[in-house]
file target_33.pdb (PDB, N, CA and C atoms and all ligand atoms)
ATOM      1  N   MET W 133      -1.155  84.510 165.797  1.00  0.00           N
ATOM      2  CA  MET W 133      -2.516  84.204 165.348  1.00  0.00           C
ATOM      3  C   MET W 133      -3.406  83.926 166.543  1.00  0.00           C
ATOM      4  N   GLU W 134      -4.570  84.528 166.526  1.00  0.00           N
ATOM      5  CA  GLU W 134      -5.484  84.372 167.653  1.00  0.00           C
ATOM      6  C   GLU W 134      -6.268  83.071 167.510  1.00  0.00           C
ATOM      7  N   SER W 135      -6.376  82.333 168.590  1.00  0.00           N
ATOM      8  CA  SER W 135      -7.136  81.084 168.539  1.00  0.00           C
ATOM      9  C   SER W 135      -8.575  81.318 168.976  1.00  0.00           C
ATOM     10  N   LEU W 136      -9.455  80.410 168.569  1.00  0.00           N
ATOM     11  CA  LEU W 136     -10.853  80.504 168.955  1.00  0.00           C
ATOM     12  C   LEU W 136     -11.010  80.227 170.441  1.00  0.00           C
ATOM     13  N   ALA W 137     -12.091  80.755 170.995  1.00  0.00           N
ATOM     14  CA  ALA W 137     -12.405  80.453 172.382  1.00  0.00           C
ATOM     15  C   ALA W 137     -12.678  78.962 172.521  1.00  0.00           C
ATOM     16  N   GLY W 138     -12.329  78.409 173.660  1.00  0.00           N
ATOM     17  CA  GLY W 138     -12.554  76.987 173.875  1.00  0.00           C
ATOM     18  C   GLY W 138     -13.975  76.679 174.318  1.00  0.00           C
ATOM     19  N   TYR W 139     -14.513  77.536 175.188  1.00  0.00           N
ATOM     20  CA  TYR W 139     -15.819  77.265 175.769  1.00  0.00           C
ATOM     21  C   TYR W 139     -16.755  78.457 175.602  1.00  0.00           C
ATOM     22  N   LEU W 140     -18.027  78.122 175.373  1.00  0.00           N
ATOM     23  CA  LEU W 140     -19.052  79.159 175.222  1.00  0.00           C
ATOM     24  C   LEU W 140     -20.268  78.751 176.037  1.00  0.00           C
ATOM     25  N   GLY W 141     -20.681  79.631 176.936  1.00  0.00           N
ATOM     26  CA  GLY W 141     -21.854  79.362 177.769  1.00  0.00           C
ATOM     27  C   GLY W 141     -23.095  80.036 177.217  1.00  0.00           C
ATOM     28  N   ASN W 142     -24.240  79.386 177.445  1.00  0.00           N
ATOM     29  CA  ASN W 142     -25.535  79.954 177.064  1.00  0.00           C
ATOM     30  C   ASN W 142     -26.230  80.420 178.345  1.00  0.00           C
ATOM     31  N   ARG W 143     -26.379  81.724 178.497  1.00  0.00           N
ATOM     32  CA  ARG W 143     -26.946  82.270 179.733  1.00  0.00           C
ATOM     33  C   ARG W 143     -28.417  81.903 179.917  1.00  0.00           C
ATOM     34  N   SER W 144     -29.121  81.592 178.828  1.00  0.00           N
ATOM     35  CA  SER W 144     -30.559  81.343 178.967  1.00  0.00           C
ATOM     36  C   SER W 144     -30.842  79.951 179.533  1.00  0.00           C
ATOM     37  N   ASN W 145     -29.941  78.982 179.307  1.00  0.00           N
ATOM     38  CA  ASN W 145     -30.181  77.641 179.864  1.00  0.00           C
ATOM     39  C   ASN W 145     -29.019  77.132 180.709  1.00  0.00           C
ATOM     40  N   ARG W 146     -27.976  77.956 180.896  1.00  0.00           N
ATOM     41  CA  ARG W 146     -26.813  77.647 181.741  1.00  0.00           C
ATOM     42  C   ARG W 146     -26.047  76.428 181.245  1.00  0.00           C
ATOM     43  N   ILE W 147     -26.051  76.189 179.943  1.00  0.00           N
ATOM     44  CA  ILE W 147     -25.274  75.081 179.385  1.00  0.00           C
ATOM     45  C   ILE W 147     -24.015  75.645 178.741  1.00  0.00           C
ATOM     46  N   VAL W 148     -22.879  74.975 178.987  1.00  0.00           N
ATOM     47  CA  VAL W 148     -21.609  75.400 178.396  1.00  0.00           C
ATOM     48  C   VAL W 148     -21.184  74.379 177.341  1.00  0.00           C
ATOM     49  N   HIS W 149     -20.714  74.888 176.209  1.00  0.00           N
ATOM     50  CA  HIS W 149     -20.313  74.057 175.082  1.00  0.00           C
ATOM     51  C   HIS W 149     -18.819  74.133 174.845  1.00  0.00           C
ATOM     52  N   HIS W 150     -18.255  73.022 174.353  1.00  0.00           N
ATOM     53  CA  HIS W 150     -16.856  72.977 173.955  1.00  0.00           C
ATOM     54  C   HIS W 150     -16.809  73.227 172.447  1.00  0.00           C
ATOM     55  N   LEU W 151     -16.374  74.419 172.073  1.00  0.00           N
ATOM     56  CA  LEU W 151     -16.476  74.822 170.667  1.00  0.00           C
ATOM     57  C   LEU W 151     -15.646  73.950 169.730  1.00  0.00           C
ATOM     58  N   GLY W 152     -14.543  73.403 170.243  1.00  0.00           N
ATOM     59  CA  GLY W 152     -13.712  72.551 169.401  1.00  0.00           C
ATOM     60  C   GLY W 152     -14.378  71.236 169.028  1.00  0.00           C
ATOM     61  N   ASN W 153     -15.466  70.908 169.723  1.00  0.00           N
ATOM     62  CA  ASN W 153     -16.147  69.638 169.496  1.00  0.00           C
ATOM     63  C   ASN W 153     -17.646  69.840 169.304  1.00  0.00           C
ATOM     64  N   MET W 154     -18.051  71.036 168.860  1.00  0.00           N
ATOM     65  CA  MET W 154     -19.489  71.316 168.823  1.00  0.00           C
ATOM     66  C   MET W 154     -20.226  70.478 167.770  1.00  0.00           C
ATOM     67  N   LYS W 155     -21.453  70.141 168.125  1.00  0.00           N
ATOM     68  CA  LYS W 155     -22.328  69.345 167.269  1.00  0.00           C
ATOM     69  C   LYS W 155     -23.511  70.207 166.838  1.00  0.00           C
ATOM     70  N   LYS W 156     -24.234  69.746 165.820  1.00  0.00           N
ATOM     71  CA  LYS W 156     -25.375  70.563 165.384  1.00  0.00           C
ATOM     72  C   LYS W 156     -26.423  70.670 166.488  1.00  0.00           C
ATOM     73  N   GLU W 157     -26.495  69.631 167.349  1.00  0.00           N
ATOM     74  CA  GLU W 157     -27.464  69.659 168.458  1.00  0.00           C
ATOM     75  C   GLU W 157     -27.161  70.766 169.468  1.00  0.00           C
ATOM     76  N   CYS W 158     -25.936  71.275 169.465  1.00  0.00           N
ATOM     77  CA  CYS W 158     -25.577  72.344 170.400  1.00  0.00           C
ATOM     78  C   CYS W 158     -26.294  73.643 170.053  1.00  0.00           C
ATOM     79  N   GLU W 159     -26.647  73.802 168.793  1.00  0.00           N
ATOM     80  CA  GLU W 159     -27.367  74.992 168.316  1.00  0.00           C
ATOM     81  C   GLU W 159     -26.621  76.277 168.672  1.00  0.00           C
ATOM     82  N   ILE W 160     -25.310  76.245 168.486  1.00  0.00           N
ATOM     83  CA  ILE W 160     -24.470  77.407 168.773  1.00  0.00           C
ATOM     84  C   ILE W 160     -24.900  78.608 167.936  1.00  0.00           C
ATOM     85  N   TYR W 161     -25.184  78.358 166.665  1.00  0.00           N
ATOM     86  CA  TYR W 161     -25.485  79.491 165.782  1.00  0.00           C
ATOM     87  C   TYR W 161     -26.844  80.107 166.062  1.00  0.00           C
ATOM     88  N   GLN W 162     -27.742  79.334 166.690  1.00  0.00           N
ATOM     89  CA  GLN W 162     -29.051  79.877 167.043  1.00  0.00           C
ATOM     90  C   GLN W 162     -29.008  80.668 168.354  1.00  0.00           C
ATOM     91  N   MET W 163     -27.893  80.587 169.061  1.00  0.00           N
ATOM     92  CA  MET W 163     -27.782  81.257 170.355  1.00  0.00           C
ATOM     93  C   MET W 163     -27.736  82.774 170.165  1.00  0.00           C
ATOM     94  N   LYS W 164     -28.559  83.481 170.918  1.00  0.00           N
ATOM     95  CA  LYS W 164     -28.580  84.937 170.804  1.00  0.00           C
ATOM     96  C   LYS W 164     -27.267  85.532 171.331  1.00  0.00           C
ATOM     97  N   MET W 165     -26.846  86.628 170.715  1.00  0.00           N
ATOM     98  CA  MET W 165     -25.589  87.259 171.133  1.00  0.00           C
ATOM     99  C   MET W 165     -25.604  87.596 172.625  1.00  0.00           C
ATOM    100  N   GLN W 166     -26.746  88.082 173.114  1.00  0.00           N
ATOM    101  CA  GLN W 166     -26.790  88.482 174.530  1.00  0.00           C
ATOM    102  C   GLN W 166     -26.802  87.292 175.477  1.00  0.00           C
ATOM    103  N   ASP W 167     -27.019  86.095 174.947  1.00  0.00           N
ATOM    104  CA  ASP W 167     -26.985  84.884 175.780  1.00  0.00           C
ATOM    105  C   ASP W 167     -25.600  84.259 175.836  1.00  0.00           C
ATOM    106  N   ARG W 168     -24.674  84.761 175.015  1.00  0.00           N
ATOM    107  CA  ARG W 168     -23.356  84.127 174.918  1.00  0.00           C
ATOM    108  C   ARG W 168     -22.417  84.616 176.008  1.00  0.00           C
ATOM    109  N   GLU W 169     -21.807  83.666 176.718  1.00  0.00           N
ATOM    110  CA  GLU W 169     -20.844  84.030 177.753  1.00  0.00           C
ATOM    111  C   GLU W 169     -19.525  83.315 177.511  1.00  0.00           C
ATOM    112  N   TYR W 170     -18.455  84.120 177.417  1.00  0.00           N
ATOM    113  CA  TYR W 170     -17.114  83.563 177.277  1.00  0.00           C
ATOM    114  C   TYR W 170     -16.435  83.616 178.627  1.00  0.00           C
ATOM    115  N   PHE W 171     -15.436  82.778 178.809  1.00  0.00           N
ATOM    116  CA  PHE W 171     -14.833  82.614 180.127  1.00  0.00           C
ATOM    117  C   PHE W 171     -13.363  83.007 180.147  1.00  0.00           C
ATOM    118  N   THR W 172     -12.989  83.670 181.217  1.00  0.00           N
ATOM    119  CA  THR W 172     -11.595  84.026 181.444  1.00  0.00           C
ATOM    120  C   THR W 172     -11.223  83.610 182.856  1.00  0.00           C
ATOM    121  N   PRO W 173     -10.380  82.629 183.067  1.00  0.00           N
ATOM    122  CA  PRO W 173      -9.727  81.824 182.025  1.00  0.00           C
ATOM    123  C   PRO W 173     -10.720  80.920 181.295  1.00  0.00           C
ATOM    124  N   ASP W 174     -10.342  80.545 180.097  1.00  0.00           N
ATOM    125  CA  ASP W 174     -11.213  79.781 179.206  1.00  0.00           C
ATOM    126  C   ASP W 174     -11.130  78.274 179.514  1.00  0.00           C
ATOM    127  N   THR W 175     -11.665  77.898 180.684  1.00  0.00           N
ATOM    128  CA  THR W 175     -11.588  76.498 181.111  1.00  0.00           C
ATOM    129  C   THR W 175     -12.957  76.003 181.550  1.00  0.00           C
ATOM    130  N   ILE W 176     -13.147  74.679 181.497  1.00  0.00           N
ATOM    131  CA  ILE W 176     -14.424  74.101 181.918  1.00  0.00           C
ATOM    132  C   ILE W 176     -14.610  74.275 183.427  1.00  0.00           C
ATOM    133  N   GLU W 177     -13.496  74.249 184.168  1.00  0.00           N
ATOM    134  CA  GLU W 177     -13.603  74.427 185.612  1.00  0.00           C
ATOM    135  C   GLU W 177     -14.160  75.812 185.941  1.00  0.00           C
ATOM    136  N   ASN W 178     -13.695  76.806 185.208  1.00  0.00           N
ATOM    137  CA  ASN W 178     -14.181  78.168 185.427  1.00  0.00           C
ATOM    138  C   ASN W 178     -15.654  78.279 185.069  1.00  0.00           C
ATOM    139  N   ALA W 179     -16.047  77.661 183.957  1.00  0.00           N
ATOM    140  CA  ALA W 179     -17.454  77.690 183.553  1.00  0.00           C
ATOM    141  C   ALA W 179     -18.339  77.046 184.618  1.00  0.00           C
ATOM    142  N   LYS W 180     -17.913  75.883 185.114  1.00  0.00           N
ATOM    143  CA  LYS W 180     -18.694  75.190 186.151  1.00  0.00           C
ATOM    144  C   LYS W 180     -18.793  76.019 187.422  1.00  0.00           C
ATOM    145  N   SER W 181     -17.731  76.741 187.746  1.00  0.00           N
ATOM    146  CA  SER W 181     -17.737  77.562 188.955  1.00  0.00           C
ATOM    147  C   SER W 181     -18.726  78.715 188.831  1.00  0.00           C
ATOM    148  N   LYS W 182     -19.136  79.027 187.589  1.00  0.00           N
ATOM    149  CA  LYS W 182     -20.140  80.071 187.356  1.00  0.00           C
ATOM    150  C   LYS W 182     -21.517  79.462 187.082  1.00  0.00           C
ATOM    151  N   ASN W 183     -21.687  78.229 187.559  1.00  0.00           N
ATOM    152  CA  ASN W 183     -22.978  77.533 187.501  1.00  0.00           C
ATOM    153  C   ASN W 183     -23.428  77.158 186.093  1.00  0.00           C
ATOM    154  N   PHE W 184     -22.467  76.912 185.209  1.00  0.00           N
ATOM    155  CA  PHE W 184     -22.818  76.355 183.910  1.00  0.00           C
ATOM    156  C   PHE W 184     -22.656  74.832 183.979  1.00  0.00           C
ATOM    157  N   VAL W 185     -23.495  74.133 183.186  1.00  0.00           N
ATOM    158  CA  VAL W 185     -23.501  72.668 183.154  1.00  0.00           C
ATOM    159  C   VAL W 185     -22.973  72.221 181.798  1.00  0.00           C
ATOM    160  N   GLU W 186     -22.184  71.155 181.799  1.00  0.00           N
ATOM    161  CA  GLU W 186     -21.607  70.659 180.545  1.00  0.00           C
ATOM    162  C   GLU W 186     -22.688  70.181 179.582  1.00  0.00           C
ATOM    163  N   CYS W 187     -22.535  70.548 178.317  1.00  0.00           N
ATOM    164  CA  CYS W 187     -23.428  70.078 177.266  1.00  0.00           C
ATOM    165  C   CYS W 187     -23.219  68.586 177.045  1.00  0.00           C
ATOM    166  N   LYS W 188     -24.327  67.844 176.927  1.00  0.00           N
ATOM    167  CA  LYS W 188     -24.188  66.393 176.765  1.00  0.00           C
ATOM    168  C   LYS W 188     -23.796  66.015 175.340  1.00  0.00           C
ATOM    169  N   PHE W 189     -23.947  66.936 174.401  1.00  0.00           N
ATOM    170  CA  PHE W 189     -23.621  66.614 173.000  1.00  0.00           C
ATOM    171  C   PHE W 189     -22.137  66.793 172.705  1.00  0.00           C
ATOM    172  N   CYS W 190     -21.551  67.903 173.121  1.00  0.00           N
ATOM    173  CA  CYS W 190     -20.155  68.140 172.789  1.00  0.00           C
ATOM    174  C   CYS W 190     -19.190  67.735 173.902  1.00  0.00           C
ATOM    175  N   MET W 191     -19.714  67.408 175.080  1.00  0.00           N
ATOM    176  CA  MET W 191     -18.834  66.945 176.156  1.00  0.00           C
ATOM    177  C   MET W 191     -19.356  65.664 176.799  1.00  0.00           C
ATOM    178  N   GLY W 192     -20.213  64.953 176.086  1.00  0.00           N
ATOM    179  CA  GLY W 192     -20.796  63.749 176.648  1.00  0.00           C
ATOM    180  C   GLY W 192     -19.839  62.564 176.670  1.00  0.00           C
TER     181      GLY W 192
HETATM  182 ZN    ZN V 201     -22.639  71.475 173.108  1.00  0.00          ZN
END

call {"tool": "encode", "arguments": {"input": "target_33.pdb", "output": "structure tokens"}}
result
Amino acid sequence: MESLAGYLGNRSNRIVHHLGNMKKECEIYQMKMQDREYFTPDTIENAKSKNFVECKFCMG
């Protein structure tokens, strides 16, 4: 069984969200498809290395 991605970045504001802990304030569903960035490997360290900043709502 395939598991969900752990982290999702928003290219328009450079914020990365933890999908397992997402809040309505994250506005994941309002994010445009072309703004969505998934990470390989799927880790917060990798996201940060690509200049994404942790979301204060789901990783605060
Ligand atoms: Zn978030």

call {"tool": "axis_aligned_box", "arguments": {"input": "target_33.pdb", "around": "region 146-150 of chain W", "padding_each_side": "3 Å", "output": "JSON"}}
result
{"center_x": -22.4, "center_y": 75.5, "center_z": 177.1, "size_x": 17.2, "size_y": 11.0, "size_z": 15.3}

call {"tool": "closest_atom_pairs", "arguments": {"input": "target_33.pdb", "of": "chain W", "to": "ligand ZN 201 (chain V)", "cutoff": "7 Å", "atoms": "only C-alpha atoms and all ligand atoms", "output": "Markdown table"}}
result
| residue | atom | partner | partner_atom | distance |
| --- | --- | --- | --- | --- |
| W:Val148 | CA | V:ZN201 | ZN | 6.7 |
| W:His149 | CA | V:ZN201 | ZN | 4.0 |
| W:His150 | CA | V:ZN201 | ZN | 6.0 |
| W:Met154 | CA | V:ZN201 | ZN | 5.3 |
| W:Lys155 | CA | V:ZN201 | ZN | 6.2 |
| W:Glu157 | CA | V:ZN201 | ZN | 6.9 |
| W:Cys158 | CA | V:ZN201 | ZN | 4.1 |
| W:Cys187 | CA | V:ZN201 | ZN | 4.5 |
| W:Lys188 | CA | V:ZN201 | ZN | 6.4 |
| W:Phe189 | CA | V:ZN201 | ZN | 5.0 |
| W:Cys190 | CA | V:ZN201 | ZN | 4.2 |
| W:Met191 | CA | V:ZN201 | ZN | 6.7 |

call {"tool": "closest_residue", "arguments": {"input": "target_33.pdb", "among": "W:Lys164, W:Lys156, W:Ser144, W:Tyr139", "to": "Glu177 (chain W)", "atoms": "only C-alpha atoms"}}
result
W:Tyr139

call {"tool": "select_by_dssp", "arguments": {"input": "target_33.pdb", "residues": "chain W", "states": "strand (DSSP E or B)", "output": "PyMOL selection string"}}
result
chain W and resi 139-142+147-150+168-170+185-186

call {"tool": "closest_residue", "arguments": {"input": "target_33.pdb", "among": "W:Met165, W:Leu140, W:Ile160, W:Ile147", "to": "Phe184 (chain W)", "atoms": "all atoms listed in the file"}}
result
W:Ile147

call {"tool": "residues_near_point", "arguments": {"input": "target_33.pdb", "point": "(-14.2, 75.0, 171.6)", "cutoff": "5 Å", "atoms": "all atoms listed in the file", "output": "JSON, numbers by chain"}}
result
{"W": [137, 138, 139, 150, 151, 152, 153]}

call {"tool": "write_last_selection", "arguments": {"input": "target_33.pdb", "atoms": "N, CA and C atoms", "output": "CSV table (one decimal), in the frame of the given file"}}
result
chain,number,residue,atom,x,y,z
W,137,ALA,N,-12.1,80.8,171.0
W,137,ALA,CA,-12.4,80.5,172.4
W,137,ALA,C,-12.7,79.0,172.5
W,138,GLY,N,-12.3,78.4,173.7
W,138,GLY,CA,-12.6,77.0,173.9
W,138,GLY,C,-14.0,76.7,174.3
W,139,TYR,N,-14.5,77.5,175.2
W,139,TYR,CA,-15.8,77.3,175.8
W,139,TYR,C,-16.8,78.5,175.6
W,150,HIS,N,-18.3,73.0,174.4
W,150,HIS,CA,-16.9,73.0,174.0
W,150,HIS,C,-16.8,73.2,172.4
W,151,LEU,N,-16.4,74.4,172.1
W,151,LEU,CA,-16.5,74.8,170.7
W,151,LEU,C,-15.6,74.0,169.7
W,152,GLY,N,-14.5,73.4,170.2
W,152,GLY,CA,-13.7,72.6,169.4
W,152,GLY,C,-14.4,71.2,169.0
W,153,ASN,N,-15.5,70.9,169.7
W,153,ASN,CA,-16.1,69.6,169.5
W,153,ASN,C,-17.6,69.8,169.3

call {"tool": "atom_distance", "arguments": {"input": "target_33.pdb", "atom1": "atom C of Arg146 (chain W)", "atom2": "CA of Thr175 (chain W)"}}
result
14.5 Å

call {"tool": "residues_around", "arguments": {"input": "target_33.pdb", "residues": "Gln166 (chain W)", "least_positions_apart": "6", "cutoff": "12 Å", "atoms": "only C-alpha atoms", "output": "list of chain:residue names"}}
result
W:Gly141, W:Asn142, W:Arg143, W:Ser144

call {"tool": "write_last_selection", "arguments": {"input": "target_33.pdb", "atoms": "N, CA and C atoms", "output": "compact mmCIF listing (two decimals), keeping the file's coordinate frame"}}
result
# COMPACT_ATOMS: atom_id res chain seq x y z
N GLY W 141 -20.68 79.63 176.94
CA GLY W 141 -21.85 79.36 177.77
C GLY W 141 -23.10 80.04 177.22
N ASN W 142 -24.24 79.39 177.44
CA ASN W 142 -25.54 79.95 177.06
C ASN W 142 -26.23 80.42 178.34
N ARG W 143 -26.38 81.72 178.50
CA ARG W 143 -26.95 82.27 179.73
C ARG W 143 -28.42 81.90 179.92
N SER W 144 -29.12 81.59 178.83
CA SER W 144 -30.56 81.34 178.97
C SER W 144 -30.84 79.95 179.53

call {"tool": "closest_residue", "arguments": {"input": "target_33.pdb", "among": "W:Lys180, W:Gly192, W:Tyr161, W:Val185", "to": "Asn145 (chain W)", "atoms": "only N, CA and C atoms"}}
result
W:Val185

call {"tool": "select_by_dssp", "arguments": {"input": "target_33.pdb", "residues": "chain W", "states": "alpha helix (DSSP H)", "output": "list of chain:residue names"}}
result
W:Ile176, W:Glu177, W:Asn178, W:Ala179, W:Lys180, W:Ser181

call {"tool": "atom_distance", "arguments": {"input": "target_33.pdb", "atom1": "atom N of Met163 (chain W)", "atom2": "CA of Ile176 (chain W)"}}
result
19.7 Å

call {"tool": "atom_distance", "arguments": {"input": "target_33.pdb", "atom1": "atom N of Asn183 (chain W)", "atom2": "atom C of Phe171 (chain W)"}}
result
12.1 Å
